[in-house]
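Notes to accompany the following structure.
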Amino acid sequence: MDVVDISRWQFGITTVYHFILVPLTIGLAPMIAVMQTVWHVTGNEAWLRATKFFGKLFLINFALGVATGIVQEFQFGMNWSEYSRFVADVFGAPLALEGLVAFFAESTFIGLWVFGWGRLSRRIHLLCIWMVAFGVNASAYFIIAANSWMQHPVGVEWDTSRDRPAMNNIVALLTNNTTLAAFPHVVAGALLTASTFVAAIGIWWMARASWRARQLRLAAAGEAAEVEETTAPSLVDASPEQLDNDAATMWRPVTRFALWLTMAAGVALFLTGDIQAQIMFKQQPMKMAAAESLCETEHRAAFSILSIGRQNNCDSITHVIAVPGMLSFLADHRFDTEVKGVKELQQQYAERFKDNPAHAGQNYAPNLFVTYWSFRAMITWALGSVVVAFGGLWLTRKKRVVTSRRFAFIALLMIPAPFLANSSGWIFTEMGRQPWIVAPNWVDDLDPLRVSMLVQQGVSNNSAGVVLGSLIVFTLLYGALGVVWFALQRRYIREGPAAPGEEERKLDASDDDKQLSFAY
Amino acid sequence: MGLPEFWFILIAVLFTGYFVLEGFDFGVGMLMGLIGRGDDNKRRAILNTIGPVWDGNEVWLLTAGGAMFAAFGGWYATMFTAFYIPLLIILVALIVRVCAIEWRGKINDGQWRRVWDWCIAIGSWIPALLWGVAFANVVRGLPIDADAQFTGSFWGLLNPYALLGGLTTLLVFLTHGAVFLALKTADGLREEATAWAARLSVVMTVVAAAFLLWTQLAHGKSWTWVPVLIAAVAAIATIGFTWTKREGWAFGATSIAIIMTIVTLFGCLYPAVLPSTTDPAYSLTIANTSSSHYTLVIMTWAAVLITPVVLLYQGWSYWVFRKRISADAIPPSIGLASLRG
């Protein structure tokens, strides 16, 4: 492997890892803010317990998200310095704005929120978690604006004296239609992730509490063996009535909130995904063709459900099951729109860039296998969340609680699904952009032959050995931290929230001289 | 003064903010292994002095990096590639440190906490050393060719001047951290921290003076004698204030010493941002690495409008948590008993 491949692997691995954690925190922050708001308004302690419980899980994730985020910013300079030189004028701006507008807010207010329980007034403390929610989402917006510029550069002119694009319109950059379509899609994906996470844990706890209540009643009647021991505070000394009450008045509302959010996020994902597909058809036709492994241009292009292909190669692909006209419909909402195939687009690109020696023999098609399957994986995994949402809403209808331990287990198993959907979506977006690090913009009034860059042109002048070394270091480090991250979360989920009454007691007890409530 | 010069100053300000703020939390992290040894309550008290603010402190680095990218892309690109290995080590240290601080108290188990304590220590010592090495190398210059490419090696970065620079930041942050700890704790911890600060301030003054003098003689301009001398006075004042146990004044003094050190370093650089030791004509300068006027105008508006707000709420968060912390008042651990179960 040469330095380009290793640098690409490094960027891919660190980004996918970072983005496993980030959607959960982007979605969970506003959910926790809503939970705390409900407690603030109604005074119902169940929502305070939920706020604190999911707040701890949020922090475990937030730490690792922040830590791996620094790598993302530094990597542009370390591994992609030619790219950085080329685009600094425009790409650096959203990154700097992210720091100023988003990072300062989220990191300062998370400190105030964590340590401010009982120290700040309740209203100000509530404002803190909303500021965190604002910060993480603002952060996503600026990063997507930066990324969308790589997908579809706007707001620049060619600076002849420096031989690189120069920004001439920040508004165009921040309102790039690629950004405006991608941002709600990513936020919906984040909400789907967080709501699936909350709902699954809620369902599992609901089933666990009601199961235990039944076991206790049977044991009291002498009909069952002993009830298993537990250290979970809300289970330890609880009577069957308290457990049933907990399932019905705490876990059921929290879960219903999350389930409805999953449904809403699912609908939003579908709608924004549709808008994105149409934009992609116009702006990045090669990505559209690659998503479908569509090699020949077609008028009534079909959407294939299953294709068989051994390699990243047009000749080996066979579409097995396909819906006629569906791809045309996705692209343009008409069944007979012409969708260009990989081969014709390849010829077009080669013709357009024939005068540029750096492009000699360039393959302009992304890896078809990866794009085809990551696109389908994204959709399939996202549906996993929707299945849980339907099941959960059905089982909790008309004041019922979930008692099925089997369904609770399925819900837990589905927690990774939206994470995988997010990762697949990003892999599709980024791999589909290949071989470009800055894709040429053919749509707007811009100079696509100059405002564009191939990935291999963007890499730093590093030795392959050094980059390989760092790739190994990051992989091992992230792997080790991932194991701890998983173990910690699992343990905290099993432990559950505080016993009823406990959180309010703690809040009331913490006068100003008492110490920090979430203290290290 | 044009916008590029303004942004050169602003980046110096952002790094100053980073070193003044994260400087003390590096120092506190380093001292956790020295002061709280064998006493977990003490360690927790020490960690809680930076608990609500360390994350916000770290953002100064991210913003400085983003600002460098936006305002001086050529500087960012060459510097980050040249410092590939040191930055990699710093990144690993910072990642481990963030996780260690957040996860340490999550499980109430001696073994668990010992491991993370090591991570906090390593994650604090290493960056404190390497930032000095990196910045001294920037002032000293790097082998850069006509295409702004770094042609040197990792080992070339470990020259005596840069290592002295590393030792300086290490000692300055350690002292700064001890003073902060003395300011933020009560009772026995305060006594211990003050004693450490008093001893460290002497060593720091000697080493920092040597580094600044070397910097001034080798790379200085006539006006940079001013910040050098102010830094020297501040360092000596730190000795006086720590010996007489005036922590607030001492913290002000170490902060001024850090600010003046950065002023000296950036002053020595100006108008270059990364001098070339291969040929002065290849040096990266404010002029040849800055972004276009339009970008700088936009960024300036953003900075002018948003920075005061940021300073306001960060300042407020320090105000909210202004109380001293005592090891006796640390509540029982909220962490779980074990990772299993």
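Letters A, B, ... go to the chains of the structure tokens in the order shown; residues in each chain start at 1; ligands are counted from 1 in the same order.
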Can you write out as JSON lines which residues of chain B fall within 7 Å of chain A, alongside each residue's closest atom pair and its distance in Å to one decimal, counting only C-alpha atoms and ordering rows by chain and ascending residue number?
```
{"residue": "B:Arg44", "atom": "CA", "partner": "A:Tyr520", "partner_atom": "CA", "distance": 6.3}
{"residue": "B:Asn48", "atom": "CA", "partner": "A:Tyr520", "partner_atom": "CA", "distance": 6.3}
{"residue": "B:Pro52", "atom": "CA", "partner": "A:Gly111", "partner_atom": "CA", "distance": 4.2}
{"residue": "B:Val53", "atom": "CA", "partner": "A:Gly111", "partner_atom": "CA", "distance": 6.1}
{"residue": "B:Asp55", "atom": "CA", "partner": "A:Ser107", "partner_atom": "CA", "distance": 5.4}
{"residue": "B:Gly56", "atom": "CA", "partner": "A:Thr108", "partner_atom": "CA", "distance": 4.8}
{"residue": "B:Val59", "atom": "CA", "partner": "A:Phe104", "partner_atom": "CA", "distance": 6.1}
{"residue": "B:Leu62", "atom": "CA", "partner": "A:Gly99", "partner_atom": "CA", "distance": 6.3}
{"residue": "B:Thr63", "atom": "CA", "partner": "A:Gly99", "partner_atom": "CA", "distance": 4.8}
{"residue": "B:Gly66", "atom": "CA", "partner": "A:Ala96", "partner_atom": "CA", "distance": 4.2}
{"residue": "B:Ala67", "atom": "CA", "partner": "A:Ala96", "partner_atom": "CA", "distance": 5.2}
{"residue": "B:Phe69", "atom": "CA", "partner": "A:Gly92", "partner_atom": "CA", "distance": 4.9}
{"residue": "B:Ala70", "atom": "CA", "partner": "A:Gly92", "partner_atom": "CA", "distance": 3.8}
{"residue": "B:Gly73", "atom": "CA", "partner": "A:Ala88", "partner_atom": "CA", "distance": 4.7}
{"residue": "B:Gly74", "atom": "CA", "partner": "A:Arg85", "partner_atom": "CA", "distance": 5.3}
{"residue": "B:Tyr76", "atom": "CA", "partner": "A:Gly77", "partner_atom": "CA", "distance": 6.1}
{"residue": "B:Ala77", "atom": "CA", "partner": "A:Ser81", "partner_atom": "CA", "distance": 4.5}
{"residue": "B:Thr78", "atom": "CA", "partner": "A:Ser81", "partner_atom": "CA", "distance": 6.9}
{"residue": "B:Phe80", "atom": "CA", "partner": "A:Met78", "partner_atom": "CA", "distance": 4.8}
{"residue": "B:Thr81", "atom": "CA", "partner": "A:Met78", "partner_atom": "CA", "distance": 4.4}
{"residue": "B:Tyr84", "atom": "CA", "partner": "A:Met78", "partner_atom": "CA", "distance": 5.8}
{"residue": "B:Leu91", "atom": "CA", "partner": "A:Val71", "partner_atom": "CA", "distance": 6.6}
{"residue": "B:Leu94", "atom": "CA", "partner": "A:Ala67", "partner_atom": "CA", "distance": 7.0}
{"residue": "B:Ile95", "atom": "CA", "partner": "A:Ala67", "partner_atom": "CA", "distance": 4.6}
{"residue": "B:Val98", "atom": "CA", "partner": "A:Ala67", "partner_atom": "CA", "distance": 6.1}
{"residue": "B:Cys99", "atom": "CA", "partner": "A:Ala63", "partner_atom": "CA", "distance": 5.8}
{"residue": "B:Glu102", "atom": "CA", "partner": "A:Ala63", "partner_atom": "CA", "distance": 6.3}
{"residue": "B:Gly105", "atom": "CA", "partner": "A:Tyr520", "partner_atom": "CA", "distance": 5.0}
{"residue": "B:Ser291", "atom": "CA", "partner": "A:Asp89", "partner_atom": "CA", "distance": 5.1}
{"residue": "B:Ser292", "atom": "CA", "partner": "A:Ala166", "partner_atom": "CA", "distance": 6.4}
{"residue": "B:Tyr294", "atom": "CA", "partner": "A:Asn168", "partner_atom": "CA", "distance": 6.4}
{"residue": "B:Thr295", "atom": "CA", "partner": "A:Met167", "partner_atom": "CA", "distance": 6.2}
{"residue": "B:Met299", "atom": "CA", "partner": "A:Ala93", "partner_atom": "CA", "distance": 6.9}
{"residue": "B:Ile306", "atom": "CA", "partner": "A:Leu100", "partner_atom": "CA", "distance": 6.8}
{"residue": "B:Val310", "atom": "CA", "partner": "A:Phe104", "partner_atom": "CA", "distance": 6.7}
{"residue": "B:Gln314", "atom": "CA", "partner": "A:Thr108", "partner_atom": "CA", "distance": 6.4}
{"residue": "B:Ser317", "atom": "CA", "partner": "A:Leu112", "partner_atom": "CA", "distance": 6.5}
{"residue": "B:Ala329", "atom": "CA", "partner": "A:Gln515", "partner_atom": "CA", "distance": 6.6}
{"residue": "B:Ile330", "atom": "CA", "partner": "A:Gln515", "partner_atom": "CA", "distance": 6.2}
{"residue": "B:Pro331", "atom": "CA", "partner": "A:Gln515", "partner_atom": "CA", "distance": 6.5}
{"residue": "B:Leu339", "atom": "CA", "partner": "A:Arg491", "partner_atom": "CA", "distance": 6.2}
{"residue": "B:Arg340", "atom": "CA", "partner": "A:Arg491", "partner_atom": "CA", "distance": 6.9}
```
message: Need to verify the contact set: Gln276 of chain A, 7 Å, only C-alpha atoms, exclusion of same-chain residues closer than 3 positions in sequence. Can you return it as a ChimeraX atom specification?
response: /A:181-182,272-273,279-280
With all heavy atoms kept, could you save the residues just selected as a PDB file, in the first residue's frame?
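Listed below is the output, out.pdb:
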```
ATOM      1  N   ALA A 181     -29.696  19.784   2.616  1.00  0.00           N
ATOM      2  CA  ALA A 181     -30.324  18.463   2.538  1.00  0.00           C
ATOM      3  C   ALA A 181     -29.652  17.473   3.486  1.00  0.00           C
ATOM      4  O   ALA A 181     -30.318  16.652   4.121  1.00  0.00           O
ATOM      5  CB  ALA A 181     -30.262  17.943   1.110  1.00  0.00           C
ATOM      6  N   ALA A 182     -28.316  17.560   3.592  1.00  0.00           N
ATOM      7  CA  ALA A 182     -27.585  16.571   4.386  1.00  0.00           C
ATOM      8  C   ALA A 182     -27.768  16.795   5.889  1.00  0.00           C
ATOM      9  O   ALA A 182     -27.882  15.829   6.650  1.00  0.00           O
ATOM     10  CB  ALA A 182     -26.105  16.603   4.027  1.00  0.00           C
ATOM     11  N   THR A 272     -35.886  13.316   3.832  1.00  0.00           N
ATOM     12  CA  THR A 272     -34.634  14.014   3.524  1.00  0.00           C
ATOM     13  C   THR A 272     -33.750  13.161   2.629  1.00  0.00           C
ATOM     14  O   THR A 272     -33.013  13.689   1.789  1.00  0.00           O
ATOM     15  CB  THR A 272     -33.865  14.378   4.809  1.00  0.00           C
ATOM     16  OG1 THR A 272     -33.753  13.187   5.611  1.00  0.00           O
ATOM     17  CG2 THR A 272     -34.579  15.440   5.601  1.00  0.00           C
ATOM     18  N   GLY A 273     -33.827  11.852   2.786  1.00  0.00           N
ATOM     19  CA  GLY A 273     -33.056  10.964   1.917  1.00  0.00           C
ATOM     20  C   GLY A 273     -33.511  11.099   0.472  1.00  0.00           C
ATOM     21  O   GLY A 273     -32.702  11.110  -0.460  1.00  0.00           O
ATOM     22  N   ILE A 279     -30.792  15.567  -5.330  1.00  0.00           N
ATOM     23  CA  ILE A 279     -29.651  16.473  -5.446  1.00  0.00           C
ATOM     24  C   ILE A 279     -28.428  15.719  -5.958  1.00  0.00           C
ATOM     25  O   ILE A 279     -27.690  16.192  -6.826  1.00  0.00           O
ATOM     26  CB  ILE A 279     -29.365  17.132  -4.074  1.00  0.00           C
ATOM     27  CG1 ILE A 279     -30.477  18.129  -3.754  1.00  0.00           C
ATOM     28  CG2 ILE A 279     -28.017  17.823  -4.066  1.00  0.00           C
ATOM     29  CD1 ILE A 279     -30.339  18.785  -2.402  1.00  0.00           C
ATOM     30  N   MET A 280     -28.249  14.518  -5.435  1.00  0.00           N
ATOM     31  CA  MET A 280     -27.096  13.700  -5.842  1.00  0.00           C
ATOM     32  C   MET A 280     -27.162  13.379  -7.336  1.00  0.00           C
ATOM     33  O   MET A 280     -26.156  13.387  -8.031  1.00  0.00           O
ATOM     34  CB  MET A 280     -27.094  12.415  -5.021  1.00  0.00           C
ATOM     35  CG  MET A 280     -25.975  11.455  -5.321  1.00  0.00           C
ATOM     36  SD  MET A 280     -25.990  10.125  -4.108  1.00  0.00           S
ATOM     37  CE  MET A 280     -27.327   9.110  -4.698  1.00  0.00           C
TER      38      MET A 280
END
```
- Message: Using only C-alpha atoms, which protein or nucleic acid residues come within 8 Å of Ile126 of chain B? Drop anything in the same chain fewer than 5 positions from it, and give the result as number ranges by chain.
- Response: B: 89-90, 93
Please produce a file of the residues just selected, as an mmCIF file, in the first residue's frame, where the atoms kept are all heavy atoms.
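again_25.cif, written as the output of this step:
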```
data_model
loop_
_atom_site.group_PDB
_atom_site.id
_atom_site.type_symbol
_atom_site.label_atom_id
_atom_site.label_comp_id
_atom_site.auth_asym_id
_atom_site.auth_seq_id
_atom_site.Cartn_x
_atom_site.Cartn_y
_atom_site.Cartn_z
ATOM 1 N N ILE B 89 1.836 11.712 19.120
ATOM 2 C CA ILE B 89 2.012 11.367 20.533
ATOM 3 C C ILE B 89 1.112 12.250 21.403
ATOM 4 O O ILE B 89 0.477 11.771 22.351
ATOM 5 C CB ILE B 89 3.496 11.516 20.946
ATOM 6 C CG1 ILE B 89 4.366 10.573 20.098
ATOM 7 C CG2 ILE B 89 3.686 11.220 22.431
ATOM 8 C CD1 ILE B 89 5.851 10.806 20.247
ATOM 9 N N ILE B 90 1.028 13.538 21.062
ATOM 10 C CA ILE B 90 0.157 14.440 21.823
ATOM 11 C C ILE B 90 -1.297 13.985 21.715
ATOM 12 O O ILE B 90 -2.027 13.949 22.714
ATOM 13 C CB ILE B 90 0.310 15.897 21.318
ATOM 14 C CG1 ILE B 90 1.657 16.469 21.765
ATOM 15 C CG2 ILE B 90 -0.824 16.782 21.829
ATOM 16 C CD1 ILE B 90 1.953 17.863 21.232
ATOM 17 N N ALA B 93 -1.922 11.017 23.811
ATOM 18 C CA ALA B 93 -1.929 11.416 25.224
ATOM 19 C C ALA B 93 -3.246 12.110 25.582
ATOM 20 O O ALA B 93 -3.848 11.822 26.618
ATOM 21 C CB ALA B 93 -0.743 12.346 25.509
#
```
inquiry  = Would you pick out the contacts of Val207 of chain B at 12 Å or less, using only C-alpha atoms, so that residues sharing its chain but fewer than 4 positions from it are not included, and give the list as a PyMOL selection string?
reply    = chain B and resi 161+163-172+200-203+211-214+232+235
Quote the spacing between atom CA of Leu330 of chain A and atom CA of Ala301 of chain A in Å to one decimal place.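 A separation of 9.7 Å between them.
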Restricting to only C-alpha atoms, whichever of A:Gly341, A:Gly155, A:Gly384, A:Gly325 is closest to Asp447 of chain A is A:Gly155
At a cut-off of 12 Å, using only C-alpha atoms, what residues contact Gln346 of chain A? Leave out same-chain residues fewer than 5 positions from it and give the result as a list in words. Pro285, Met286, Lys287, Ala289, Ala290, Cys295, Glu296, Thr297, Cys314, Lys340, Gly341, Glu351, Arg352, Phe353, Lys354, Gly361, Gln362, Asn363, Tyr364, Ala365, Pro366 and Pro435 of chain A
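Proximity to Arg322 of chain B was assessed for B:Thr185, B:Ala250, B:Leu3, B:Gly177 counting only C-alpha atoms; the smallest distance is recorded for B:Thr185.
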Select from segment 135-327 of chain B everything DSSP, run on the backbone, classes as alpha helix (DSSP H), then give the selection as a PyMOL selection string. chain B and resi 135-140+160-184+187-219+225-243+247-269+286-289+293-320
For each of B:Ala121, B:Ala136, B:Met68, B:Ala208, take the minimum atom-to-atom distance to Phe266 of chain B, counting only C-alpha atoms, then give the residue where this is smallest.
->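 The shortest atom-to-atom distance to Phe266 of chain B comes from B:Ala136.
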**Request:** Tell me, as an NGL selection string, which residues lie within 10 Å of Leu183 of chain B, counting only C-alpha atoms; anything in the same chain fewer than 3 positions away does not count.
**Result:** :B and (49 or 177-180 or 186 or 190 or 193-194 or 245-251 or 322-325)
**Q.** Between atom CA of Gly188 of chain B and atom CA of Arg43 of chain B, distance in Å (one decimal)
**A.**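 One can read the atom CA of Gly188 of chain B to atom CA of Arg43 of chain B distance as 12.6 Å.
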query = Do you know which residues are at most 10 Å from segment 19-26 of chain A counting only C-alpha atoms, after dropping those on the same chain fewer than 4 positions away, and could you put them as a PyMOL selection string?
reply = chain A and resi 13-15+30-31+57-66+68-69+132-140+186-197+416+418-423+426
As a check of understanding: the span from atom CA of Pro332 of chain B to atom CA of Glu191 of chain B is 23.3 Å
**Study point:** DSSP-assigned strand (DSSP E or B) members of segment 263-344 of chain A, reported as a list in words
**Key:**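 Here is the list: Glu298, Phe303, Ser304, Ile305, Leu306, Ser307, Ile308, Thr318, His319, Val320, Ile321, Ala322, Val323 and Val339 of chain A.
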